[in-house]
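Since the structure comes first, as C-alpha cells, the remarks are kept for the end.
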Amino acid sequence: MDRTPAFIPASETLTDRFGRRIEYLRLSVTDRCDLRCVYCMAERPDFLPKSELLTLEELTTVAETFIRRGIRKIRITGGEPLVRRDVVRLIENLGRHVGSGLDELTLTTNATQLERYANALAMSHLCRINVSLDTLDRDRFRRLTRGGDIACTLRGIEAARRAGIGIKINTVALKNENENEIPAMIEWAHDQGFDLTLIEVMPVGDVGSDRTDQFLPLTAIRDRLEQRWSLTDLPDSTGGPARYARIAETGGRVGFITPLTSNFCAGCNRIRMTCTGTLHTCLGHDDDLDLRGALRAGGPDAVDRLIDTAMAIKPEAHDFSVARGTAPAVARNMARTGG
C-alpha cells in the first residue's frame with residue numbers, strides 16, 4: 001500500500017466569531033449501530049436510507065477540504081463507524097494526511113468489530129481509538145446496550161491492544177446503573193494501561209426515556225473518587241472537552257466531560273458533520289449547513305464557502321438542560337449527529 005502522504009496545500013486558520021480557533025472535526029460515516037445503548041438511541045431506531053449517505057469518496061473530499069482550511073484533528077464517528085462497508089478505505093485515505101496536514105486521526109467505536117479490523121486500522125495511521133464502554137458487568141452491559149455481548153467488546157479491545165493501537169475508554173455515568181461500578185472500571189482501565197474518561201449524559205434526541213432518570217452529575221462522582229483516592233488536576237488535553245486528573249494510587253489518568261455541570265463552551269474547538277453531509281457547529285443547537293448539496297452542486301469551492309458561513313454562525317454556547325419533562329435540546333439523536 002502506498003504510504004506517501006497526499007499533498008495538502010498550506011492550511012489556513014479557522015476562527016469563529018468569538019475568536020475560538022476551530023481545529024477539530026468529528027466526521028460521522030453512518031447513523032447505524034449494532035448496539036442500542038439506552039442513552040443514545042431508541043430501541044427501534046429509524047435509520048437513514050443508505051442513498052442519503054455521502055459516498056466514501058465524498059467523505060474523503062470534504063475531509064480534505066477541511067484539512068486545507070486548518071482542521072488538525074479528525075475523529076471518525078457514527079453510529080458505529082466500523083459497520084459501514086469499506087470504511088477502512090476511508091480511514092486509510094485520511095491516514096495519509098497524518099503528519100502532512102493532520103496532527104491526529106482517531107476513531108470512536110463500541111469495539112464489537114475490532115477483532116475483524118484491528119490489524120487493518122493499525123496500518124492506516126490511525127492514532128488512537130476511543131472505546132465506548134459503560135460497564136464490565138455482563139448482565140448490565142446487555143441491558144444498557146439492549147442485547148449486546150460484553151465478551152465481544154472485550155475481545156475487540158484486546159485485538160486492538162495486540163495490534164498496537166492506542167486505546168482510551170469512554171464511560172457515560174448513569175444514575176442507578178453504573179455509578180457504584182465506576183471505581184472498579186477506573187481500576188480495570190488503569191491496570192490495562194488505558195485512560196478512562198467519564199461523560200455526563202447529554203440531552204440529545206428522543207431515546208424513549210426521561211434523561212432525568214439517567215443524569216448523574218460528575219461533580220458528585222469526583223467527590224466520591226476523592227474520598228477513595230488522591231486526584232491531581234492536570235493541564236493535559238487530547239484536543240477535546242475532557243479535563244484530566246491523575247490518580248496517585250492507580251497511576252492513571254481519569255477524564256471528566258461535563259456538558260451540564262460545568263460546560264466547556266468557552267474553549268470549544270469543534271464542529272461536526274453527519275454522514276449525510278450536514279454540518280453542525282454545535283451539538284446543542286439545531287443549526288445545519290448542507291455540505292452534501294454544496295459539494296454535489298459546486299465542488300470543494302462551494303464547501304469552502306459554507307465553512308466560512310459556519311464560522312460566522314457558530315453559537316457561543318449550548319443550551320443543555322436536564323429537568324423532568326424537558327424536551328431534548330435537539331431532536332436528532334447522538335447516532336445521527338455523530339456521537
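By order in the C-alpha cells, chains are A, B, ...; within a chain, residues start at 1; ligands start at 1, following the order shown.
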Just list as a ChimeraX atom specification whatever in stretch 176-248 of chain A DSSP marks as alpha helix (DSSP H).
/A:182-192,218-228
Which residues are near stretch 137-150 of chain A? Cut-off 12 Å, only C-alpha atoms, ignore same chain within fewer than 3 positions. Put them as a ChimeraX atom specification.
/A:33-44,110-112,132-134,153-157,171-174,176-182,184-185,214
Could you please take those selected residues and save C-alpha atoms as a compact mmCIF listing (two decimals), in the first residue's frame?
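Produced file out23.txt, reproduced below:
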```txt
# COMPACT_ATOMS: atom_id res chain seq x y z
CA CYS A 33 -25.02 0.72 15.01
CA ASP A 34 -25.03 -2.90 16.08
CA LEU A 35 -25.92 -1.90 19.67
CA ARG A 36 -28.88 0.10 21.01
CA CYS A 37 -27.48 1.96 24.03
CA VAL A 38 -30.26 3.36 26.20
CA TYR A 39 -28.88 6.94 26.32
CA CYS A 40 -28.00 7.10 22.62
CA MET A 41 -30.95 5.89 20.56
CA ALA A 42 -34.44 4.46 20.72
CA GLU A 43 -34.90 0.70 20.96
CA ARG A 44 -36.21 0.60 17.38
CA ASN A 110 -18.02 0.21 20.61
CA ALA A 111 -15.27 -2.35 19.80
CA THR A 112 -17.65 -5.05 18.54
CA SER A 132 -17.44 3.35 24.50
CA LEU A 133 -17.81 1.02 27.48
CA ASP A 134 -20.16 1.79 30.38
CA THR A 153 -16.35 -5.92 23.08
CA LEU A 154 -13.55 -7.13 25.36
CA ARG A 155 -12.13 -9.36 22.60
CA GLY A 156 -12.15 -6.33 20.31
CA ILE A 157 -10.27 -4.22 22.84
CA THR A 171 -17.82 5.75 30.12
CA VAL A 172 -21.17 7.53 30.37
CA ALA A 173 -22.12 7.95 34.04
CA LEU A 174 -25.69 6.69 34.51
CA ASN A 176 -28.85 3.93 39.34
CA GLU A 177 -26.92 1.91 36.75
CA ASN A 178 -23.13 2.08 36.77
CA GLU A 179 -22.42 4.76 39.39
CA ASN A 180 -21.19 2.26 42.01
CA GLU A 181 -19.09 0.44 39.40
CA ILE A 182 -17.11 3.49 38.28
CA ALA A 184 -13.79 -0.63 39.57
CA MET A 185 -13.88 0.44 35.92
CA GLN A 214 -30.26 8.82 33.70
```
Atom CA of A:Val201 and atom CA of A:Ile186, how far apart in Å?
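Computing it gives 18.1 Å between the two atoms.
Counting only C-alpha atoms, A:Ala160 has the following residues at most 10 Å away, ignoring those fewer than 5 positions along the same chain: Ala111, Leu114, Glu115, Arg116, Tyr117, Ala118, Asn119, Leu121, Ala122, Arg128, Ile129, Leu154, Arg155, Ile165, Gly166 and Ile167 of chain A.
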Could you write those residues out with C-alpha atoms, as a PDB file, in the first residue's frame?
```pdb
ATOM      1  CA  ALA A 111     -15.267  -2.350  19.796  1.00  0.00           C
ATOM      2  CA  LEU A 114     -12.362  -4.660  16.263  1.00  0.00           C
ATOM      3  CA  GLU A 115     -11.447  -8.336  16.123  1.00  0.00           C
ATOM      4  CA  ARG A 116     -12.033  -8.102  12.392  1.00  0.00           C
ATOM      5  CA  TYR A 117     -10.491  -4.697  11.711  1.00  0.00           C
ATOM      6  CA  ALA A 118      -7.782  -4.025  14.328  1.00  0.00           C
ATOM      7  CA  ASN A 119      -4.802  -5.000  12.189  1.00  0.00           C
ATOM      8  CA  LEU A 121      -6.668   0.032  11.384  1.00  0.00           C
ATOM      9  CA  ALA A 122      -3.198  -0.215  12.894  1.00  0.00           C
ATOM     10  CA  ARG A 128      -5.962   6.166  18.704  1.00  0.00           C
ATOM     11  CA  ILE A 129      -9.390   4.692  19.355  1.00  0.00           C
ATOM     12  CA  LEU A 154     -13.553  -7.130  25.362  1.00  0.00           C
ATOM     13  CA  ARG A 155     -12.131  -9.359  22.598  1.00  0.00           C
ATOM     14  CA  ILE A 165      -3.424   0.831  18.681  1.00  0.00           C
ATOM     15  CA  GLY A 166      -3.669   3.414  21.470  1.00  0.00           C
ATOM     16  CA  ILE A 167      -6.869   2.947  23.479  1.00  0.00           C
TER      17      ILE A 167
END
```
Skip A:Ile247 itself and residues of its chain fewer than 3 positions away, then list as a PDB file with N, CA and C atoms, in the first residue's frame all residues within 6 Å of it, counting only C-alpha atoms.
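And here is the file that came out, part.pdb:
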```pdb
ATOM      1  N   SER A 230      -6.373   9.920  45.748  1.00  0.00           N
ATOM      2  CA  SER A 230      -5.810  11.275  45.641  1.00  0.00           C
ATOM      3  C   SER A 230      -5.785  11.676  44.169  1.00  0.00           C
ATOM      4  N   LEU A 231      -6.544  12.709  43.808  1.00  0.00           N
ATOM      5  CA  LEU A 231      -6.619  13.180  42.426  1.00  0.00           C
ATOM      6  C   LEU A 231      -5.893  14.509  42.303  1.00  0.00           C
ATOM      7  N   THR A 250      -3.505   4.647  41.426  1.00  0.00           N
ATOM      8  CA  THR A 250      -3.523   3.779  40.247  1.00  0.00           C
ATOM      9  C   THR A 250      -2.465   4.171  39.231  1.00  0.00           C
ATOM     10  N   GLY A 251      -2.003   5.425  39.307  1.00  0.00           N
ATOM     11  CA  GLY A 251      -1.011   5.921  38.362  1.00  0.00           C
ATOM     12  C   GLY A 251      -1.588   6.363  37.035  1.00  0.00           C
ATOM     13  N   GLY A 252      -2.899   6.199  36.838  1.00  0.00           N
ATOM     14  CA  GLY A 252      -3.513   6.526  35.557  1.00  0.00           C
ATOM     15  C   GLY A 252      -4.252   7.850  35.564  1.00  0.00           C
TER      16      GLY A 252
END
```
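Among the candidates A:Thr232, A:Ser28, A:Thr197, A:Thr13, the one nearest to A:Leu279 when counting only C-alpha atoms is A:Ser28.
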Tell me, as a ChimeraX atom specification, which residues lie within 9 Å of stretch 308-319 of chain A, counting only C-alpha atoms; anything in the same chain fewer than 3 positions away does not count.
/A:14-18,22,259,263-266,268,271,279-285,287-289,303-305,329
Please produce a file of those selected residues containing N, CA and C atoms, as a short mmCIF file (atom, residue, chain, number, x, y, z; two decimals), in the first residue's frame.
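Contents of part15.cif, as written:
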```
data_model
loop_
_atom_site.label_atom_id
_atom_site.label_comp_id
_atom_site.auth_asym_id
_atom_site.auth_seq_id
_atom_site.Cartn_x
_atom_site.Cartn_y
_atom_site.Cartn_z
N LEU A 14 -9.01 28.43 10.86
CA LEU A 14 -10.44 28.65 11.00
C LEU A 14 -10.71 29.26 12.37
N THR A 15 -11.34 30.42 12.38
CA THR A 15 -11.66 31.11 13.62
C THR A 15 -13.12 31.53 13.59
N ASP A 16 -13.84 31.23 14.67
CA ASP A 16 -15.25 31.61 14.69
C ASP A 16 -15.40 33.06 15.16
N ARG A 17 -16.64 33.54 15.25
CA ARG A 17 -16.89 34.95 15.56
C ARG A 17 -16.55 35.32 17.00
N PHE A 18 -16.28 34.30 17.84
CA PHE A 18 -15.89 34.56 19.22
C PHE A 18 -14.38 34.41 19.42
N ILE A 22 -10.90 26.84 15.43
CA ILE A 22 -11.59 25.57 15.17
C ILE A 22 -10.64 24.64 14.43
N PRO A 259 -20.82 18.49 30.16
CA PRO A 259 -21.60 19.46 29.40
C PRO A 259 -22.69 20.15 30.22
N ASN A 263 -19.97 23.56 31.81
CA ASN A 263 -19.83 23.47 30.35
C ASN A 263 -18.49 24.02 29.89
N PHE A 264 -18.05 23.49 28.77
CA PHE A 264 -16.70 23.75 28.27
C PHE A 264 -16.73 24.57 26.98
N CYS A 265 -17.82 25.33 26.80
CA CYS A 265 -18.03 26.02 25.52
C CYS A 265 -17.00 27.10 25.25
N ALA A 266 -16.48 27.73 26.30
CA ALA A 266 -15.55 28.84 26.08
C ALA A 266 -14.32 28.40 25.28
N CYS A 268 -14.39 25.78 23.08
CA CYS A 268 -14.82 24.84 22.03
C CYS A 268 -14.00 25.03 20.76
N ILE A 271 -16.36 21.20 15.33
CA ILE A 271 -17.55 21.18 14.50
C ILE A 271 -17.82 19.72 14.13
N LEU A 279 -23.58 19.84 8.28
CA LEU A 279 -22.59 20.38 9.20
C LEU A 279 -23.30 21.04 10.37
N HIS A 280 -22.94 20.61 11.58
CA HIS A 280 -23.46 21.23 12.80
C HIS A 280 -22.30 21.90 13.51
N THR A 281 -22.49 23.16 13.86
CA THR A 281 -21.42 23.89 14.55
C THR A 281 -21.47 23.71 16.05
N CYS A 282 -22.58 23.13 16.56
CA CYS A 282 -22.73 22.92 18.00
C CYS A 282 -23.62 21.71 18.22
N LEU A 283 -23.23 20.85 19.16
CA LEU A 283 -24.01 19.66 19.46
C LEU A 283 -25.39 20.02 20.00
N GLY A 284 -25.49 21.15 20.68
CA GLY A 284 -26.74 21.50 21.34
C GLY A 284 -27.62 22.48 20.60
N HIS A 285 -27.35 22.72 19.33
CA HIS A 285 -28.18 23.64 18.56
C HIS A 285 -28.65 22.96 17.26
N ASP A 287 -28.72 24.21 14.31
CA ASP A 287 -28.16 24.79 13.08
C ASP A 287 -27.70 23.66 12.16
N ASP A 288 -27.81 23.87 10.87
CA ASP A 288 -27.30 22.87 9.93
C ASP A 288 -26.99 23.53 8.60
N LEU A 289 -25.91 23.08 8.00
CA LEU A 289 -25.48 23.55 6.68
C LEU A 289 -25.30 22.33 5.79
N VAL A 303 -18.07 24.01 -0.84
CA VAL A 303 -17.89 23.58 0.54
C VAL A 303 -17.11 24.63 1.32
N ASP A 304 -16.08 25.18 0.71
CA ASP A 304 -15.30 26.25 1.33
C ASP A 304 -16.19 27.40 1.79
N ARG A 305 -17.10 27.81 0.93
CA ARG A 305 -17.96 28.95 1.26
C ARG A 305 -18.87 28.62 2.45
N ALA A 329 -32.53 18.92 23.98
CA ALA A 329 -32.03 20.17 23.42
C ALA A 329 -32.19 20.21 21.91
#
```
Spatial neighbours of A:Gly293, 12 Å, only C-alpha atoms, chain gap at least 5 places, as a PyMOL selection string:
chain A and resi 52-54+58+62+276-279+298-300+302-303+306
From the list A:Asp86, A:Glu57, A:Asp213, A:Asp195, which residue is nearest A:Asp236 when using only C-alpha atoms?
A:Asp195
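The list of residues with at least one atom within 6 Å of A:Val29, based on only C-alpha atoms and without residues fewer than 4 positions apart in the same chain, reads A:Gly78, A:Pro81, A:Cys275.
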Using N, CA, C and O atoms, can you write the selected residues to a file as an mmCIF file, in the first residue's frame?
```
data_model
loop_
_atom_site.group_PDB
_atom_site.id
_atom_site.type_symbol
_atom_site.label_atom_id
_atom_site.label_comp_id
_atom_site.auth_asym_id
_atom_site.auth_seq_id
_atom_site.Cartn_x
_atom_site.Cartn_y
_atom_site.Cartn_z
ATOM 1 N N GLY A 78 -19.858 7.508 14.427
ATOM 2 C CA GLY A 78 -21.117 7.003 13.890
ATOM 3 C C GLY A 78 -22.245 7.515 14.753
ATOM 4 O O GLY A 78 -22.124 8.611 15.310
ATOM 5 N N PRO A 81 -18.932 3.358 13.487
ATOM 6 C CA PRO A 81 -18.318 3.566 12.169
ATOM 7 C C PRO A 81 -17.880 2.283 11.480
ATOM 8 O O PRO A 81 -17.893 2.204 10.247
ATOM 9 N N CYS A 275 -23.242 11.889 8.584
ATOM 10 C CA CYS A 275 -22.985 11.005 7.447
ATOM 11 C C CYS A 275 -23.730 11.440 6.187
ATOM 12 O O CYS A 275 -23.409 10.979 5.082
#
```
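Among the candidate residues A:Lys50, A:Thr261, A:Gly267, A:Thr108, the one lying nearest to A:Glu200 is A:Thr261, with distances computed using only C-alpha atoms.
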